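Step one of this worksheet: look at the structure below.
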Amino acid sequence: MFKKFLITIVSIAASVAVLIDGYLMFFKHDQSQETAQSQATTASDTESESSTTTSSSSTSSSNSTMKDGIYTGKSTSTEWGDVQVKITVASGKIPQITVLKHPTGGKSDEINSWSLPTYKQEALAAQSANINQVSGATETYKGFTGSLQSAINQAEE
């Protein structure tokens, strides 16, 4: 009797976990892509404005030590291929992250199509490589954060 009860509880818990994971992957994924696209547009607009306007307000946050410029992170090897990013730093902040290299082909295309925009969005929001890992994209996470941290280190030197 106890074994049946325990098996039922474990089955219910596993079902709830699968439902939550499915919700996060499919429903939250669409929202994060829309947010990432709007942030990319905003960053692009901000970058355009800053290049055409001479700004004398260098009021970047006091804890930021990044120097303005474009920095390319080291190519970071993963099990499925290399990942490399480039960041733009303006007013001590990162308004843009460009993925230069990532694994392609087969399942990598599918995974990277939704995980890289999420990683970019989180990194832009956090202004660091300290971001959450997306379930199912561990290798992309390792490569993305490794290359991003390398670029940030260059900007802080």
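Residue names in the structure tokens use chain letters A, B, ... in the order shown, residue numbers from 1 in each chain, and ligand numbers from 1 in the order shown.
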
>> Residues near A:Gly143, anyone? I mean within 9 Å using only C-alpha atoms, not counting same-chain ones fewer than 6 positions away, as a VMD selection string.
In response: chain A and resid 75 to 78 81 to 84 102

Output N, CA, C and O atoms for every residue in that selection, as a PDB file, in the first residue's frame.
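Listing of part.pdb after writing:
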```pdb
ATOM      1  N   SER A  75      37.229  32.918 -28.337  1.00  0.00           N
ATOM      2  CA  SER A  75      36.391  31.826 -28.800  1.00  0.00           C
ATOM      3  C   SER A  75      36.426  30.734 -27.737  1.00  0.00           C
ATOM      4  O   SER A  75      37.499  30.291 -27.335  1.00  0.00           O
ATOM      5  N   THR A  76      35.258  30.331 -27.256  1.00  0.00           N
ATOM      6  CA  THR A  76      35.170  29.345 -26.182  1.00  0.00           C
ATOM      7  C   THR A  76      34.685  28.018 -26.748  1.00  0.00           C
ATOM      8  O   THR A  76      33.621  27.951 -27.361  1.00  0.00           O
ATOM      9  N   SER A  77      35.462  26.974 -26.542  1.00  0.00           N
ATOM     10  CA  SER A  77      35.122  25.649 -27.065  1.00  0.00           C
ATOM     11  C   SER A  77      34.051  24.985 -26.213  1.00  0.00           C
ATOM     12  O   SER A  77      34.070  25.077 -24.991  1.00  0.00           O
ATOM     13  N   THR A  78      33.120  24.318 -26.899  1.00  0.00           N
ATOM     14  CA  THR A  78      32.100  23.514 -26.233  1.00  0.00           C
ATOM     15  C   THR A  78      32.108  22.136 -26.871  1.00  0.00           C
ATOM     16  O   THR A  78      32.810  21.911 -27.868  1.00  0.00           O
ATOM     17  N   GLY A  81      30.941  22.706 -30.513  1.00  0.00           N
ATOM     18  CA  GLY A  81      31.607  23.701 -31.346  1.00  0.00           C
ATOM     19  C   GLY A  81      31.932  24.947 -30.551  1.00  0.00           C
ATOM     20  O   GLY A  81      31.607  25.053 -29.374  1.00  0.00           O
ATOM     21  N   ASP A  82      32.578  25.892 -31.214  1.00  0.00           N
ATOM     22  CA  ASP A  82      33.020  27.119 -30.553  1.00  0.00           C
ATOM     23  C   ASP A  82      31.916  28.173 -30.519  1.00  0.00           C
ATOM     24  O   ASP A  82      31.072  28.237 -31.408  1.00  0.00           O
ATOM     25  N   VAL A  83      31.967  29.007 -29.466  1.00  0.00           N
ATOM     26  CA  VAL A  83      31.072  30.157 -29.335  1.00  0.00           C
ATOM     27  C   VAL A  83      31.952  31.382 -29.115  1.00  0.00           C
ATOM     28  O   VAL A  83      32.905  31.345 -28.338  1.00  0.00           O
ATOM     29  N   GLN A  84      31.628  32.468 -29.830  1.00  0.00           N
ATOM     30  CA  GLN A  84      32.378  33.711 -29.668  1.00  0.00           C
ATOM     31  C   GLN A  84      31.423  34.883 -29.792  1.00  0.00           C
ATOM     32  O   GLN A  84      30.553  34.890 -30.662  1.00  0.00           O
ATOM     33  N   HIS A 102      28.913  30.263 -33.396  1.00  0.00           N
ATOM     34  CA  HIS A 102      28.217  29.308 -32.540  1.00  0.00           C
ATOM     35  C   HIS A 102      28.067  27.996 -33.299  1.00  0.00           C
ATOM     36  O   HIS A 102      28.148  27.976 -34.526  1.00  0.00           O
TER      37      HIS A 102
END
```

>> Which residues are near A:Val85? Cut-off 10 Å, only C-alpha atoms, ignore same chain within fewer than 6 positions. Put them as JSON, numbers by chain.
In response: {"A": [71, 72, 73, 74, 75, 76, 97, 98, 99, 100, 101, 102, 120, 143, 144, 145, 146, 147, 148, 149, 150, 151]}

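Nearest-residue note for A:Ile20: choosing from A:Lys3, A:Thr118, A:Ser135, A:Ala126, the minimum distance belongs to A:Ser135, counting only C-alpha atoms.
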
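In terms of minimum interatomic distance to A:Tyr141, A:Ile111 ranks closest within A:Ile111, A:Ala155, A:Leu124, A:Leu6, counting only C-alpha atoms.
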
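The interatomic distance for the pair atom CA of A:Gln127 and atom CA of A:Glu139 works out to 21.0 Å.
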
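Atom CA of A:Glu110 lies 23.8 Å from atom CA of A:Ala125.
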
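The interatomic distance for the pair atom CA of A:Ser113 and atom CA of A:Ile131 works out to 17.7 Å.
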